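*Asks:* What follows is data.txt, made up of compact mmCIF, C-alpha atoms (C1' of nucleotides):
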```txt
# COMPACT_ATOMS: atom_id res chain seq x y z
CA MET A 1 -7.24 -2.25 2.40
CA THR A 2 -5.20 0.83 2.87
CA VAL A 3 -1.92 1.45 4.55
CA ILE A 4 0.12 4.21 6.07
CA PHE A 5 3.47 2.51 6.30
CA SER A 6 4.55 -0.52 4.31
CA LYS A 7 4.97 -3.78 6.22
CA LYS A 8 8.71 -3.29 5.90
CA CYS A 9 8.41 0.06 7.60
CA GLU A 10 6.08 -1.19 10.32
CA TYR A 11 8.47 -4.02 11.12
CA GLY A 12 11.45 -1.68 10.97
CA LEU A 13 9.82 0.69 13.43
CA GLN A 14 8.90 -2.15 15.74
CA ALA A 15 12.45 -3.48 15.60
CA VAL A 16 14.20 -0.22 16.43
CA LEU A 17 11.72 0.45 19.21
CA TYR A 18 12.54 -3.01 20.52
CA LEU A 19 16.26 -2.29 20.37
CA ALA A 20 15.75 0.98 22.20
CA ALA A 21 13.70 -0.73 24.88
CA LYS A 22 16.64 -2.98 25.66
CA GLU A 23 19.71 -1.61 27.36
CA VAL A 24 21.59 1.08 25.42
CA GLY A 25 24.34 -0.49 23.37
CA GLY A 26 22.86 -3.93 23.87
CA ILE A 27 23.19 -6.35 21.02
CA VAL A 28 20.12 -8.28 19.92
CA SER A 29 19.96 -10.97 17.27
CA ALA A 30 17.56 -10.90 14.37
CA ASP A 31 16.26 -14.19 15.65
CA GLU A 32 15.27 -12.72 19.01
CA ILE A 33 13.60 -9.74 17.37
CA ALA A 34 11.68 -11.97 14.99
CA LYS A 35 10.47 -14.22 17.79
CA LYS A 36 9.51 -11.48 20.22
CA LEU A 37 7.72 -9.41 17.60
CA ASN A 38 6.24 -12.34 15.67
CA ILE A 39 7.83 -11.20 12.45
CA PRO A 40 9.17 -13.61 9.81
CA LYS A 41 12.86 -13.91 10.61
CA GLU A 42 14.20 -13.73 7.07
CA PHE A 43 12.11 -10.68 6.37
CA VAL A 44 13.17 -8.76 9.45
CA SER A 45 16.78 -9.69 8.75
CA LYS A 46 16.58 -7.94 5.41
CA ILE A 47 15.01 -4.90 7.00
CA LEU A 48 17.70 -4.78 9.65
CA GLN A 49 20.31 -4.93 6.90
CA ASN A 50 18.68 -1.91 5.25
CA LEU A 51 18.65 0.01 8.50
CA THR A 52 22.32 -0.84 8.98
CA GLU A 53 23.13 0.60 5.54
CA SER A 54 21.15 3.68 6.50
CA GLY A 55 23.30 4.16 9.58
CA ILE A 56 20.44 3.85 12.04
CA ILE A 57 21.66 0.62 13.57
CA ASN A 58 24.95 -1.25 13.70
CA SER A 59 25.46 -4.91 13.03
CA LYS A 60 27.98 -7.28 14.50
CA LYS A 61 28.76 -10.43 12.58
CA GLY A 62 29.70 -13.84 13.83
CA LYS A 63 28.76 -15.76 16.93
CA SER A 64 26.98 -13.69 19.57
CA GLY A 65 26.51 -11.03 16.94
CA GLY A 66 23.40 -9.04 16.25
CA PHE A 67 22.14 -5.49 16.00
CA SER A 68 22.31 -2.40 18.16
CA LEU A 69 21.33 1.22 17.78
CA ALA A 70 23.97 3.29 16.01
CA LYS A 71 23.14 6.39 18.06
CA HIS A 72 21.70 7.21 21.43
CA PRO A 73 17.93 6.60 21.27
CA ALA A 74 17.34 10.27 22.03
CA ASN A 75 18.90 11.01 18.67
CA ILE A 76 16.85 8.61 16.59
CA ARG A 77 13.51 10.01 15.51
CA LEU A 78 10.70 7.91 14.11
CA ILE A 79 10.80 9.97 10.94
CA ASP A 80 14.40 8.84 10.39
CA VAL A 81 13.29 5.23 10.25
CA VAL A 82 10.36 6.03 8.00
CA ALA A 83 12.59 8.04 5.69
CA ALA A 84 15.09 5.18 5.50
CA ILE A 85 12.51 2.56 4.58
CA ASP A 86 9.46 4.10 2.92
CA GLY A 87 10.89 7.48 2.10
CA LEU A 88 9.08 10.75 2.67
CA GLY A 89 6.92 10.65 -0.43
CA ILE A 90 3.79 10.27 1.63
CA PHE A 91 4.35 13.75 2.97
CA SER A 92 4.51 15.35 -0.43
CA THR A 93 2.43 13.39 -2.91
CA CYS A 94 -1.24 14.17 -3.46
CA VAL A 95 -3.59 12.24 -1.20
CA LEU A 96 -6.10 11.97 -4.03
CA GLY A 97 -3.48 10.94 -6.57
CA PHE A 98 -3.87 14.06 -8.71
CA PRO A 99 -0.80 15.10 -10.67
CA ASN A 100 0.88 18.44 -10.04
CA CYS A 101 -0.84 18.97 -6.73
CA SER A 102 0.70 22.17 -5.40
CA PRO A 103 -0.32 25.52 -3.94
CA ASP A 104 -0.68 26.76 -7.53
CA HIS A 105 -2.85 23.88 -8.66
CA PRO A 106 -4.20 22.40 -5.44
CA CYS A 107 -6.39 19.33 -5.32
CA PRO A 108 -9.73 19.71 -3.56
CA LEU A 109 -8.22 18.49 -0.28
CA HIS A 110 -4.91 20.25 -0.55
CA GLU A 111 -5.22 22.54 2.45
CA LYS A 112 -7.16 20.29 4.77
CA TRP A 113 -5.05 17.27 4.09
CA GLY A 114 -1.88 19.29 4.15
CA ALA A 115 -2.59 20.42 7.68
CA LEU A 116 -3.11 16.87 8.90
CA ARG A 117 -0.05 15.64 7.07
CA THR A 118 2.10 18.32 8.63
CA SER A 119 0.83 17.34 12.05
CA ALA A 120 1.75 13.74 11.36
CA TYR A 121 5.18 14.73 10.10
CA ASN A 122 5.82 16.88 13.13
CA MET A 123 4.74 14.14 15.46
CA LEU A 124 7.08 11.63 13.86
CA THR A 125 9.87 14.19 13.98
CA GLU A 126 9.33 14.99 17.64
CA GLN A 127 9.05 11.42 18.83
CA THR A 128 12.40 9.81 19.52
CA LEU A 129 13.07 6.24 20.49
CA ASP A 130 13.96 7.09 24.08
CA GLN A 131 10.70 8.97 24.60
CA LEU A 132 8.81 5.83 23.67
CA LYS A 133 10.88 3.40 25.73
CA GLU A 134 8.44 2.94 28.60
CA LYS A 135 5.46 2.50 26.33
CA THR A 136 7.40 0.08 24.18
CA LEU A 137 8.30 -1.99 27.22
CA HIS A 138 4.66 -2.18 28.21
CA LYS A 139 3.57 -3.20 24.74
CA ILE A 140 6.29 -5.82 24.41
CA ALA A 141 5.33 -7.30 27.76
CA HIS A 142 1.87 -8.10 26.40
CA LEU A 143 2.83 -9.47 23.02
CA GLU A 144 2.57 -13.19 23.75
CA ALA A 145 -1.00 -12.91 25.06
CA MET B 1 6.80 4.02 -1.01
CA THR B 2 3.84 4.39 1.25
CA VAL B 3 0.25 5.08 0.60
CA ILE B 4 -2.83 6.39 2.27
CA PHE B 5 -5.47 5.26 -0.15
CA SER B 6 -5.10 2.50 -2.71
CA LYS B 7 -4.95 3.52 -6.35
CA LYS B 8 -8.48 2.20 -6.69
CA CYS B 9 -9.62 4.52 -3.96
CA GLU B 10 -7.72 7.52 -5.29
CA TYR B 11 -9.27 7.01 -8.71
CA GLY B 12 -12.68 6.42 -7.19
CA LEU B 13 -12.49 9.66 -5.25
CA GLN B 14 -11.32 11.55 -8.31
CA ALA B 15 -14.15 10.09 -10.34
CA VAL B 16 -16.96 10.98 -7.94
CA LEU B 17 -15.51 14.46 -7.47
CA TYR B 18 -15.54 14.77 -11.24
CA LEU B 19 -19.16 13.66 -11.43
CA ALA B 20 -20.09 16.14 -8.72
CA ALA B 21 -18.32 18.93 -10.55
CA LYS B 22 -20.54 18.35 -13.56
CA GLU B 23 -24.18 19.27 -13.46
CA VAL B 24 -26.28 17.43 -10.90
CA GLY B 25 -27.86 14.39 -12.50
CA GLY B 26 -25.56 14.66 -15.46
CA ILE B 27 -24.45 11.42 -17.05
CA VAL B 28 -20.79 10.95 -17.83
CA SER B 29 -19.19 8.01 -19.59
CA ALA B 30 -16.29 6.03 -18.16
CA ASP B 31 -14.42 6.99 -21.28
CA GLU B 32 -14.74 10.70 -20.56
CA ILE B 33 -13.72 10.23 -16.94
CA ALA B 34 -10.71 8.18 -17.93
CA LYS B 35 -9.57 10.70 -20.49
CA LYS B 36 -10.08 13.78 -18.35
CA LEU B 37 -8.46 12.28 -15.29
CA ASN B 38 -5.75 10.37 -17.15
CA ILE B 39 -6.80 7.11 -15.61
CA PRO B 40 -6.69 3.77 -17.47
CA LYS B 41 -10.20 3.36 -18.85
CA GLU B 42 -10.67 -0.33 -18.08
CA PHE B 43 -9.50 0.23 -14.54
CA VAL B 44 -11.78 3.15 -13.82
CA SER B 45 -14.66 1.24 -15.36
CA LYS B 46 -14.25 -1.50 -12.79
CA ILE B 47 -14.09 1.04 -9.99
CA LEU B 48 -17.23 2.74 -11.24
CA GLN B 49 -18.95 -0.63 -11.28
CA ASN B 50 -17.97 -1.12 -7.63
CA LEU B 51 -19.29 2.29 -6.70
CA THR B 52 -22.53 1.47 -8.50
CA GLU B 53 -22.92 -1.69 -6.43
CA SER B 54 -22.24 0.37 -3.33
CA GLY B 55 -25.10 2.70 -4.21
CA ILE B 56 -22.95 5.79 -4.47
CA ILE B 57 -23.43 6.24 -8.19
CA ASN B 58 -25.94 5.04 -10.77
CA SER B 59 -25.16 3.57 -14.13
CA LYS B 60 -27.07 3.75 -17.35
CA LYS B 61 -26.35 1.12 -19.95
CA GLY B 62 -26.40 1.37 -23.70
CA LYS B 63 -25.66 4.18 -26.07
CA SER B 64 -25.34 7.59 -24.41
CA GLY B 65 -25.13 5.74 -21.14
CA GLY B 66 -22.72 6.41 -18.33
CA PHE B 67 -22.57 7.21 -14.66
CA SER B 68 -24.18 9.76 -12.39
CA LEU B 69 -24.30 10.39 -8.68
CA ALA B 70 -26.95 8.35 -6.90
CA LYS B 71 -27.62 11.09 -4.36
CA HIS B 72 -27.30 14.82 -4.12
CA PRO B 73 -23.61 15.71 -3.76
CA ALA B 74 -24.36 17.29 -0.40
CA ASN B 75 -25.23 13.83 0.81
CA ILE B 76 -22.12 12.03 -0.37
CA ARG B 77 -19.20 12.28 2.02
CA LEU B 78 -15.65 11.41 1.08
CA ILE B 79 -15.63 8.83 3.85
CA ASP B 80 -18.48 7.02 2.08
CA VAL B 81 -16.32 6.53 -0.99
CA VAL B 82 -13.33 5.46 1.06
CA ALA B 83 -15.46 3.01 3.03
CA ALA B 84 -16.87 1.54 -0.18
CA ILE B 85 -13.47 0.94 -1.76
CA ASP B 86 -10.72 0.60 0.82
CA GLY B 87 -12.86 0.06 3.87
CA LEU B 88 -12.32 1.77 7.20
CA GLY B 89 -9.55 -0.49 8.47
CA ILE B 90 -7.03 2.30 8.29
CA PHE B 91 -8.94 4.04 11.06
CA SER B 92 -8.75 1.13 13.44
CA THR B 93 -5.63 -0.94 12.77
CA CYS B 94 -2.36 -0.19 14.51
CA VAL B 95 -0.15 2.27 12.65
CA LEU B 96 2.93 0.32 13.76
CA GLY B 97 1.43 -3.03 12.86
CA PHE B 98 1.35 -4.31 16.43
CA PRO B 99 -1.33 -6.88 17.19
CA ASN B 100 -4.04 -6.17 19.74
CA CYS B 101 -3.41 -2.45 19.78
CA SER B 102 -6.10 -1.07 22.05
CA PRO B 103 -6.51 1.23 25.03
CA ASP B 104 -5.69 -1.76 27.21
CA HIS B 105 -2.55 -2.71 25.35
CA PRO B 106 -1.62 0.41 23.42
CA CYS B 107 1.30 0.61 21.05
CA PRO B 108 3.83 3.36 21.71
CA LEU B 109 2.03 5.71 19.33
CA HIS B 110 -1.50 4.79 20.27
CA GLU B 111 -2.61 8.13 21.69
CA LYS B 112 -0.70 10.47 19.43
CA TRP B 113 -1.57 8.61 16.27
CA GLY B 114 -5.13 8.08 17.41
CA ALA B 115 -5.64 11.81 17.68
CA LEU B 116 -4.38 12.42 14.16
CA ARG B 117 -6.38 9.55 12.77
CA THR B 118 -9.56 10.87 14.35
CA SER B 119 -8.91 14.26 12.81
CA ALA B 120 -8.51 12.65 9.43
CA TYR B 121 -11.67 10.61 9.86
CA ASN B 122 -13.63 13.68 10.92
CA MET B 123 -12.36 15.66 7.99
CA LEU B 124 -13.37 12.97 5.51
CA THR B 125 -16.74 12.74 7.20
CA GLU B 126 -17.36 16.47 7.10
CA GLN B 127 -16.30 17.00 3.52
CA THR B 128 -19.07 16.32 1.04
CA LEU B 129 -18.85 16.37 -2.72
CA ASP B 130 -20.76 19.60 -3.09
CA GLN B 131 -18.45 21.42 -0.71
CA LEU B 132 -15.54 20.53 -2.94
CA LYS B 133 -17.18 21.37 -6.25
CA GLU B 134 -15.47 24.70 -6.85
CA LYS B 135 -12.05 23.38 -5.94
CA THR B 136 -12.61 20.33 -8.10
CA LEU B 137 -13.52 22.50 -11.07
CA HIS B 138 -10.34 24.49 -10.63
CA LYS B 139 -8.21 21.39 -10.40
CA ILE B 140 -9.85 19.77 -13.41
CA ALA B 141 -9.29 22.91 -15.44
CA HIS B 142 -5.55 22.52 -15.00
CA LEU B 143 -5.21 18.82 -15.62
CA GLU B 144 -4.03 18.90 -19.22
CA ALA B 145 -1.18 21.31 -18.46
C1' DT C 1 -34.17 -3.10 -37.73
C1' DC C 2 -29.50 -2.28 -37.61
C1' DT C 3 -25.56 -0.07 -35.87
C1' DA C 4 -22.86 2.24 -32.67
C1' DA C 5 -21.72 3.33 -28.07
C1' DA C 6 -21.96 2.29 -23.77
C1' DT C 7 -22.00 -0.78 -19.30
C1' DC C 8 -21.19 -5.48 -17.35
C1' DA C 9 -18.95 -9.86 -15.92
C1' DG C 10 -15.29 -12.68 -15.61
C1' DA C 11 -10.74 -14.12 -16.89
C1' DT C 12 -6.13 -12.96 -17.58
C1' DT C 13 -1.77 -10.46 -17.25
C1' DA C 14 1.64 -7.37 -15.15
C1' DT C 15 3.70 -5.18 -11.38
C1' DT C 16 4.75 -4.46 -6.72
C1' DT C 17 5.10 -6.00 -2.21
C1' DT C 18 5.90 -9.53 1.00
C1' DA C 19 8.26 -13.52 2.22
C1' DT C 20 11.52 -17.34 1.77
C1' DC C 21 15.56 -19.90 0.29
C1' DT C 22 20.47 -21.01 -0.59
C1' DG C 23 24.97 -20.50 0.15
C1' DG C 24 28.59 -17.69 1.78
C1' DT C 25 31.33 -14.98 5.28
C1' DT C 26 32.44 -13.55 9.93
C1' DA C 27 33.86 -14.18 14.58
C1' DA C 28 33.37 -15.98 19.49
C1' DA C 29 34.43 -19.95 22.23
C1' DG C 30 35.98 -24.37 23.40
C1' DC D 1 41.68 -25.10 14.66
C1' DT D 2 37.25 -26.39 14.56
C1' DT D 3 32.60 -25.71 15.56
C1' DT D 4 28.75 -22.94 15.93
C1' DA D 5 25.83 -18.98 15.73
C1' DA D 6 25.30 -15.10 13.79
C1' DC D 7 25.03 -11.57 9.66
C1' DC D 8 25.24 -10.93 4.47
C1' DA D 9 24.04 -11.13 -0.53
C1' DG D 10 21.50 -12.44 -4.15
C1' DA D 11 18.02 -15.32 -6.14
C1' DT D 12 13.54 -17.07 -5.93
C1' DA D 13 8.64 -17.70 -4.67
C1' DA D 14 4.11 -16.25 -3.09
C1' DA D 15 0.57 -12.94 -2.48
C1' DA D 16 -1.64 -8.67 -3.22
C1' DT D 17 -2.54 -4.87 -6.10
C1' DA D 18 -2.97 -2.68 -10.51
C1' DA D 19 -4.16 -3.06 -15.13
C1' DT D 20 -5.89 -5.23 -19.32
C1' DC D 21 -8.55 -8.23 -22.29
C1' DT D 22 -12.56 -10.73 -24.24
C1' DG D 23 -16.97 -11.13 -25.14
C1' DA D 24 -21.68 -10.31 -23.82
C1' DT D 25 -25.60 -7.30 -23.03
C1' DT D 26 -28.08 -3.01 -23.23
C1' DT D 27 -30.06 0.97 -25.50
C1' DA D 28 -30.40 5.35 -28.31
C1' DG D 29 -30.82 6.78 -32.72
C1' DA D 30 -30.38 6.66 -37.87
```
Here is the file; what I need is its structure written in the form of structure tokens.

*Replies:*
Amino acid sequence: MTVIFSKKCEYGLQAVLYLAAKEVGGIVSADEIAKKLNIPKEFVSKILQNLTESGIINSKKGKSGGFSLAKHPANIRLIDVVAAIDGLGIFSTCVLGFPNCSPDHPCPLHEKWGALRTSAYNMLTEQTLDQLKEKTLHKIAHLEA
Amino acid sequence: MTVIFSKKCEYGLQAVLYLAAKEVGGIVSADEIAKKLNIPKEFVSKILQNLTESGIINSKKGKSGGFSLAKHPANIRLIDVVAAIDGLGIFSTCVLGFPNCSPDHPCPLHEKWGALRTSAYNMLTEQTLDQLKEKTLHKIAHLEA
DNA sequence: TCTAAATCAGATTATTTTATCTGGTTAAAG
DNA sequence: CTTTAACCAGATAAAATAATCTGATTTAGA
């Protein structure tokens, strides 16, 4: 099998989208996120810790604690989450795994893949959490089915 | 880090491109492929065996044996190699890892990602080994640098 | 015929990724 | 002040991927 984002990154994206779909500033526990998204709790907790270190979300300790977005959802782009978890290597390394793939020594797919990759990068840069709120709410509503 | 194709698939693509860059019908040993592409020999051997089972390449045993394309390079598409090694799951599973991602219950990126994914699929379907021969030769020429 | 060079098949090892566990710290609420 | 529900930190385990090893078989050529 092949992958675009690591599981960590997929879960991280799901989690921040979930946070954004709740009220702004709302605090949500890792337990709730894990249950609603069907993600292993311990795993998502670790990911949420990472995102807290990255400054994308805030954490509140102690009883009735949990996580909330660190910025307004209009100011959190999907690419920020990807960069924090998987890094941006996917947008620069050679799709065929050739070394030194560059305009000077391009791999056979350099141009064609580069164009697609740029489109993907731009899309992830344009899409912010607030723009996806409605769609996220719809998706979440159908998760138990 | 994140990945598009598995290492197996990257190496497999490199290997068939290499075979196509050599004369049609030419036989190349796993050893040569491994050395030229800087791929672990035992690993690429296994991959070449897989591609032989898939009918993409032929193998010849014994002394002066090796591998050659099973069809004319104009009839081998990159998507064929990807399908044989990684499968086509990447073109159907949800980029965010949500379950049941479909037109009925789309994830927040369903449409936008779907468009990009289709472009990628089409590109890999259109590109055949012969079309990439010149570019492959150029890339190979600069691999030792 | 014998040897060398190659593929083939299956097992094994190493590394990375994914997931879990254990115990500690924090803080709200009674 | 004590309990409880949460995050936190680091270790560990499990699974998947990447890589290697061992020995067998095949075949061209001296």

*Asks:* If you take every atom of segment 29-32 of chain B that the file lists and fit an axis-aligned box around them with 8 Å extra on each side, what centre and edge lengths come out in Å to one decimal, as JSON?

*Replies:*
```
{"center_x": -16.8, "center_y": 8.4, "center_z": -19.7, "size_x": 20.8, "size_y": 20.7, "size_z": 19.1}
```

*Asks:* When you get a sec, could you note down which chain B residues fall within 8 Å of chain A, using only C-alpha atoms, as JSON, numbers by chain?

*Replies:* {"B": [1, 2, 3, 4, 5, 6, 7, 10, 11, 13, 14, 86, 87, 89, 90, 95, 96, 97, 98, 99, 105, 106, 107, 108, 112, 113, 116, 119, 120, 123, 132, 135, 136, 138, 139, 142, 143]}

*Asks:* Would you compute the distance between atom CA of Ser64 of chain B and atom C1' of DA5 of chain C? Give it in Å to one decimal.

*Replies:*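 Pair atom CA of Ser64 of chain B / atom C1' of DA5 of chain C returns 6.7 Å.
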
*Asks:* At a cut-off of 8 Å, list the chain B residues touching chain C, using all atoms listed in the file, as a list in words.

*Replies:*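 Only these qualify: Ser29, Ser59, Lys60, Lys61, Gly62, Lys63, Ser64, Gly65 and Gly66 of chain B.
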
*Asks:* Give me the residues of chain D that have any atom at most 6 Å from an atom of chain A; for each, the nearest atom pair and the distance in Å, rounded to one decimal. Use only C-alpha atoms (C1' of nucleotides), sort by chain and number, and format it as a Markdown table.

*Replies:*
```
| residue | atom | partner | partner_atom | distance |
| --- | --- | --- | --- | --- |
| D:DA5 | C1' | A:Lys63 | CA | 4.5 |
| D:DA6 | C1' | A:Gly62 | CA | 4.6 |
| D:DC7 | C1' | A:Lys61 | CA | 4.9 |
```

*Asks:* Export, as an mmCIF file, keeping the file's coordinate frame, the selected residues with C-alpha atoms (C1' of nucleotides).

*Replies:*
```cif
data_model
loop_
_atom_site.group_PDB
_atom_site.id
_atom_site.type_symbol
_atom_site.label_atom_id
_atom_site.label_comp_id
_atom_site.auth_asym_id
_atom_site.auth_seq_id
_atom_site.Cartn_x
_atom_site.Cartn_y
_atom_site.Cartn_z
ATOM 1 C "C1'" DA D 5 25.830 -18.980 15.730
ATOM 2 C "C1'" DA D 6 25.300 -15.100 13.790
ATOM 3 C "C1'" DC D 7 25.030 -11.570 9.660
#
```

*Asks:* At what distance in Å, to one decimal, does atom CA of Ala74 of chain B lie from atom CA of Thr125 of chain B?

*Replies:*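 Atom-to-atom, atom CA of Thr125 of chain B to atom CA of Ala74 of chain B, that is 11.7 Å.
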
*Asks:* Between atom CA of Leu51 of chain A and atom CA of Val16 of chain A, what distance in Å does the model show, to one decimal?

*Replies:*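 Computing it gives 9.1 Å between the two atoms.
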
*Asks:* Kindly reconstruct segment 126-135 of chain A with all heavy atoms and present the result as a short mmCIF file (atom, residue, chain, number, x, y, z; two decimals), in the coordinates of the input.

*Replies:*
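Output contents, as saved in part.cif:
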```cif
data_model
loop_
_atom_site.label_atom_id
_atom_site.label_comp_id
_atom_site.auth_asym_id
_atom_site.auth_seq_id
_atom_site.Cartn_x
_atom_site.Cartn_y
_atom_site.Cartn_z
N GLU A 126 9.14 14.70 16.21
CA GLU A 126 9.33 14.99 17.64
C GLU A 126 9.59 13.72 18.45
O GLU A 126 10.33 13.75 19.42
CB GLU A 126 8.08 15.70 18.19
CG GLU A 126 7.96 17.15 17.74
CD GLU A 126 6.53 17.66 17.84
OE1 GLU A 126 5.69 16.95 18.45
OE2 GLU A 126 6.25 18.75 17.30
N GLN A 127 8.94 12.64 18.05
CA GLN A 127 9.05 11.42 18.83
C GLN A 127 10.38 10.71 18.57
O GLN A 127 10.68 10.33 17.43
CB GLN A 127 7.90 10.47 18.50
CG GLN A 127 6.52 11.02 18.90
CD GLN A 127 6.34 11.08 20.41
OE1 GLN A 127 6.60 10.12 21.11
NE2 GLN A 127 5.92 12.24 20.90
N THR A 128 11.14 10.54 19.62
CA THR A 128 12.40 9.81 19.52
C THR A 128 12.25 8.48 20.22
O THR A 128 11.32 8.27 21.01
CB THR A 128 13.55 10.61 20.15
OG1 THR A 128 13.23 10.88 21.51
CG2 THR A 128 13.78 11.91 19.40
N LEU A 129 13.18 7.59 19.94
CA LEU A 129 13.07 6.24 20.49
C LEU A 129 13.07 6.24 22.02
O LEU A 129 12.35 5.47 22.65
CB LEU A 129 14.21 5.36 19.97
CG LEU A 129 14.22 5.12 18.46
CD1 LEU A 129 15.28 4.09 18.11
CD2 LEU A 129 12.86 4.66 17.96
N ASP A 130 13.88 7.12 22.61
CA ASP A 130 13.96 7.09 24.08
C ASP A 130 12.64 7.55 24.72
O ASP A 130 12.26 7.05 25.77
CB ASP A 130 15.14 7.91 24.59
CG ASP A 130 14.94 9.39 24.40
OD1 ASP A 130 14.30 9.76 23.40
OD2 ASP A 130 15.40 10.17 25.25
N GLN A 131 11.97 8.49 24.05
CA GLN A 131 10.70 8.97 24.60
C GLN A 131 9.65 7.87 24.64
O GLN A 131 8.70 7.94 25.41
CB GLN A 131 10.17 10.13 23.75
CG GLN A 131 10.95 11.43 23.91
CD GLN A 131 10.48 12.48 22.94
OE1 GLN A 131 10.07 12.16 21.82
NE2 GLN A 131 10.51 13.74 23.35
N LEU A 132 9.83 6.87 23.79
CA LEU A 132 8.81 5.83 23.67
C LEU A 132 9.20 4.54 24.40
O LEU A 132 8.48 3.55 24.36
CB LEU A 132 8.56 5.53 22.19
CG LEU A 132 8.02 6.73 21.39
CD1 LEU A 132 8.05 6.44 19.90
CD2 LEU A 132 6.59 7.07 21.83
N LYS A 133 10.34 4.60 25.11
CA LYS A 133 10.88 3.40 25.73
C LYS A 133 9.90 2.73 26.70
O LYS A 133 9.64 1.52 26.60
CB LYS A 133 12.18 3.72 26.46
CG LYS A 133 12.79 2.51 27.18
CD LYS A 133 14.21 2.78 27.66
CE LYS A 133 14.77 1.56 28.38
NZ LYS A 133 16.18 1.76 28.78
N GLU A 134 9.35 3.52 27.60
CA GLU A 134 8.44 2.94 28.60
C GLU A 134 7.23 2.29 27.94
O GLU A 134 6.84 1.18 28.25
CB GLU A 134 7.99 4.02 29.60
CG GLU A 134 9.01 4.30 30.69
CD GLU A 134 9.47 3.03 31.40
OE1 GLU A 134 8.59 2.25 31.84
OE2 GLU A 134 10.70 2.81 31.48
N LYS A 135 6.64 3.03 27.02
CA LYS A 135 5.46 2.50 26.33
C LYS A 135 5.79 1.25 25.52
O LYS A 135 5.00 0.32 25.43
CB LYS A 135 4.86 3.58 25.41
CG LYS A 135 4.15 4.69 26.18
CD LYS A 135 3.63 5.77 25.25
CE LYS A 135 2.92 6.86 26.05
NZ LYS A 135 2.57 8.03 25.23
#
```
